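Structure file final28.cif with mmCIF, C-alpha atoms:
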data_entry
#
loop_
_atom_site.group_PDB
_atom_site.id
_atom_site.type_symbol
_atom_site.label_atom_id
_atom_site.label_comp_id
_atom_site.auth_asym_id
_atom_site.auth_seq_id
_atom_site.Cartn_x
_atom_site.Cartn_y
_atom_site.Cartn_z
ATOM 1 C CA MET N 1 15.769 1.402 -3.250
ATOM 2 C CA THR N 2 12.934 1.791 -0.751
ATOM 3 C CA SER N 3 10.078 -0.627 -1.385
ATOM 4 C CA ILE N 4 6.535 0.434 -0.514
ATOM 5 C CA VAL N 5 3.193 -1.370 -0.305
ATOM 6 C CA ILE N 6 0.075 0.811 -0.543
ATOM 7 C CA ALA N 7 -3.112 -0.260 1.248
ATOM 8 C CA ALA N 8 -6.021 1.766 -0.121
ATOM 9 C CA ALA N 9 -9.618 0.657 -0.575
ATOM 10 C CA GLU N 10 -10.283 3.640 -2.841
ATOM 11 C CA GLN N 11 -8.585 3.181 -6.207
ATOM 12 C CA SER N 12 -8.352 6.930 -6.820
ATOM 13 C CA ILE N 13 -6.324 7.359 -3.623
ATOM 14 C CA ALA N 14 -4.100 4.433 -4.550
ATOM 15 C CA TYR N 15 -3.533 5.897 -8.008
ATOM 16 C CA ASP N 16 -2.617 9.324 -6.596
ATOM 17 C CA LEU N 17 -0.204 7.814 -4.064
ATOM 18 C CA ARG N 18 1.435 5.611 -6.674
ATOM 19 C CA ALA N 19 1.786 8.563 -9.073
ATOM 20 C CA ALA N 20 3.397 10.705 -6.370
ATOM 21 C CA LEU N 21 5.775 7.906 -5.397
ATOM 22 C CA SER N 22 6.783 7.307 -9.007
ATOM 23 C CA GLU N 23 8.198 10.840 -9.104
ATOM 24 C CA MET N 24 10.535 10.139 -6.184
ATOM 25 C CA GLU N 25 14.025 8.761 -6.654
ATOM 26 C CA ALA N 26 14.977 5.401 -5.140
ATOM 27 C CA VAL N 27 11.364 4.526 -4.305
ATOM 28 C CA GLU N 28 9.414 1.607 -5.728
ATOM 29 C CA ALA N 29 5.703 1.037 -5.114
ATOM 30 C CA LEU N 30 5.592 -2.763 -5.123
ATOM 31 C CA PHE N 31 1.912 -3.447 -4.707
ATOM 32 C CA VAL N 32 -1.497 -1.897 -4.046
ATOM 33 C CA VAL N 33 -3.891 -3.880 -1.857
ATOM 34 C CA GLU N 34 -7.538 -3.277 -0.983
ATOM 35 C CA SER N 35 -8.180 -5.449 2.077
ATOM 36 C CA THR N 36 -6.535 -6.227 5.388
ATOM 37 C CA SER N 37 -6.044 -9.889 4.527
ATOM 38 C CA ASP N 38 -4.352 -8.929 1.240
ATOM 39 C CA LEU N 39 -2.204 -6.434 3.124
ATOM 40 C CA VAL N 40 -1.006 -9.018 5.640
ATOM 41 C CA SER N 41 -0.186 -11.643 3.019
ATOM 42 C CA THR N 42 1.554 -9.099 0.758
ATOM 43 C CA VAL N 43 3.671 -7.680 3.578
ATOM 44 C CA LEU N 44 4.695 -11.166 4.697
ATOM 45 C CA ARG N 45 5.543 -12.193 1.124
ATOM 46 C CA LEU N 46 7.312 -9.032 -0.103
ATOM 47 C CA ASP N 47 8.780 -7.673 3.153
ATOM 48 C CA PRO N 48 8.560 -3.987 2.097
ATOM 49 C CA ASP N 49 10.454 -1.166 3.790
ATOM 50 C CA VAL N 50 7.305 0.979 4.155
ATOM 51 C CA VAL N 51 3.555 0.298 4.269
ATOM 52 C CA LEU N 52 1.184 3.178 3.525
ATOM 53 C CA ARG N 53 -2.385 2.610 4.726
ATOM 54 C CA THR N 54 -5.266 4.957 4.067
ATOM 55 C CA ARG N 55 -8.442 5.239 6.097
ATOM 56 C CA ALA N 56 -10.846 5.826 3.220
ATOM 57 C CA ARG N 57 -13.100 2.951 4.254
ATOM 58 C CA ALA N 58 -13.608 0.856 7.345
ATOM 59 C CA ARG N 59 -12.702 -2.212 5.274
ATOM 60 C CA LEU N 60 -9.014 -1.876 6.184
ATOM 61 C CA MET N 61 -8.597 -2.778 9.824
ATOM 62 C CA PRO N 62 -5.561 -2.163 12.075
ATOM 63 C CA LEU N 63 -2.977 -4.927 11.941
ATOM 64 C CA PHE N 64 -2.276 -4.894 15.678
#
Could I get this file's structure written as structure tokens?
Amino acid sequence: MTSIVIAAAEQSIAYDLRAALSEMEAVEALFVVESTSDLVSTVLRLDPDVVLRTRARARLMPLF
């Protein structure tokens, strides 16, 4: 199972991504975060296979 964390400040984008991922086999959307600090702590805690980050708002900053 591939675990995914979604970073999206816009809830509508997060909902659409999560809905699309739920239709895929062997994929689990673990968490949806709205800020960079939440993203960092969630990734460190859950250690997902994939992180999807949208650029809907400037609130999410690059990690590196």
Using the chain letters and residue numbers of this document, give as a PyMOL selection string the residues selected by the PyMOL selection byres ((chain N and resi 51) around 12). chain N and resi 2-8+17+28-33+39-40+42-44+46-50+52-54+63
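Here atom CA of N:Ala20 and atom CA of N:Ser35 stand 21.6 Å from one another.
If you look at atom CA of N:Leu21 and atom CA of N:Ser41, they are 22.1 Å away from each other.
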So how many Å separate atom CA of N:Ala14 and atom CA of N:Asp38, to one decimal?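 Interatomic distance, atom CA of N:Ala14 to atom CA of N:Asp38: 14.6 Å.
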Completion step: stretch 8-19 of chain N with all heavy atoms as a CSV table (one decimal), in the coordinates of the input:
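Result file follows (rebuild15.csv):
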chain,number,residue,atom,x,y,z
N,8,ALA,N,-5.0,0.7,0.1
N,8,ALA,CA,-6.0,1.8,-0.1
N,8,ALA,C,-7.2,1.1,-0.7
N,8,ALA,O,-7.2,0.5,-1.8
N,8,ALA,CB,-5.5,2.9,-1.0
N,9,ALA,N,-8.4,1.2,0.0
N,9,ALA,CA,-9.6,0.7,-0.6
N,9,ALA,C,-10.1,1.5,-1.8
N,9,ALA,O,-10.8,0.9,-2.7
N,9,ALA,CB,-10.7,0.6,0.5
N,10,GLU,N,-9.9,2.8,-1.8
N,10,GLU,CA,-10.3,3.6,-2.8
N,10,GLU,C,-9.2,3.7,-3.9
N,10,GLU,O,-8.1,4.1,-3.7
N,10,GLU,CB,-10.5,5.1,-2.3
N,10,GLU,CG,-11.7,5.2,-1.4
N,10,GLU,CD,-13.0,5.0,-2.0
N,10,GLU,OE1,-13.1,5.4,-3.2
N,10,GLU,OE2,-14.0,4.6,-1.4
N,11,GLN,N,-9.6,3.3,-5.1
N,11,GLN,CA,-8.6,3.2,-6.2
N,11,GLN,C,-8.0,4.6,-6.6
N,11,GLN,O,-6.9,4.7,-7.0
N,11,GLN,CB,-9.2,2.5,-7.4
N,11,GLN,CG,-9.4,1.0,-7.2
N,11,GLN,CD,-8.1,0.3,-6.9
N,11,GLN,OE1,-7.1,0.4,-7.6
N,11,GLN,NE2,-8.1,-0.5,-5.8
N,12,SER,N,-8.8,5.6,-6.5
N,12,SER,CA,-8.4,6.9,-6.8
N,12,SER,C,-7.2,7.4,-5.9
N,12,SER,O,-6.3,8.0,-6.3
N,12,SER,CB,-9.5,7.9,-6.8
N,12,SER,OG,-10.1,8.0,-5.5
N,13,ILE,N,-7.4,7.0,-4.6
N,13,ILE,CA,-6.3,7.4,-3.6
N,13,ILE,C,-5.1,6.6,-3.9
N,13,ILE,O,-4.0,7.1,-3.9
N,13,ILE,CB,-6.8,7.1,-2.2
N,13,ILE,CG1,-7.9,8.1,-1.8
N,13,ILE,CG2,-5.7,7.2,-1.2
N,13,ILE,CD1,-8.6,7.8,-0.5
N,14,ALA,N,-5.2,5.3,-4.2
N,14,ALA,CA,-4.1,4.4,-4.6
N,14,ALA,C,-3.4,5.0,-5.8
N,14,ALA,O,-2.2,5.0,-5.8
N,14,ALA,CB,-4.6,3.0,-4.8
N,15,TYR,N,-4.1,5.4,-6.8
N,15,TYR,CA,-3.5,5.9,-8.0
N,15,TYR,C,-2.7,7.2,-7.7
N,15,TYR,O,-1.6,7.3,-8.2
N,15,TYR,CB,-4.6,6.2,-9.0
N,15,TYR,CG,-4.1,6.8,-10.3
N,15,TYR,CD1,-3.5,6.1,-11.3
N,15,TYR,CD2,-4.2,8.2,-10.5
N,15,TYR,CE1,-3.0,6.7,-12.4
N,15,TYR,CE2,-3.7,8.8,-11.6
N,15,TYR,CZ,-3.1,8.0,-12.6
N,15,TYR,OH,-2.6,8.6,-13.7
N,16,ASP,N,-3.3,8.1,-6.9
N,16,ASP,CA,-2.6,9.3,-6.6
N,16,ASP,C,-1.3,9.1,-5.8
N,16,ASP,O,-0.3,9.7,-6.1
N,16,ASP,CB,-3.5,10.2,-5.8
N,16,ASP,CG,-4.7,10.8,-6.6
N,16,ASP,OD1,-4.6,10.8,-7.9
N,16,ASP,OD2,-5.6,11.3,-6.0
N,17,LEU,N,-1.4,8.2,-4.8
N,17,LEU,CA,-0.2,7.8,-4.1
N,17,LEU,C,0.9,7.2,-4.9
N,17,LEU,O,2.0,7.6,-4.9
N,17,LEU,CB,-0.6,6.8,-2.9
N,17,LEU,CG,-1.2,7.4,-1.7
N,17,LEU,CD1,-1.7,6.3,-0.8
N,17,LEU,CD2,-0.2,8.3,-1.0
N,18,ARG,N,0.5,6.3,-5.8
N,18,ARG,CA,1.4,5.6,-6.7
N,18,ARG,C,2.1,6.6,-7.6
N,18,ARG,O,3.3,6.6,-7.9
N,18,ARG,CB,0.8,4.5,-7.4
N,18,ARG,CG,1.7,3.6,-8.1
N,18,ARG,CD,1.0,2.3,-8.5
N,18,ARG,NE,2.0,1.3,-8.6
N,18,ARG,CZ,1.8,0.0,-8.7
N,18,ARG,NH1,0.6,-0.4,-8.6
N,18,ARG,NH2,2.8,-0.9,-8.7
N,19,ALA,N,1.3,7.5,-8.2
N,19,ALA,CA,1.8,8.6,-9.1
N,19,ALA,C,2.8,9.5,-8.4
N,19,ALA,O,3.9,9.8,-8.9
N,19,ALA,CB,0.6,9.4,-9.6
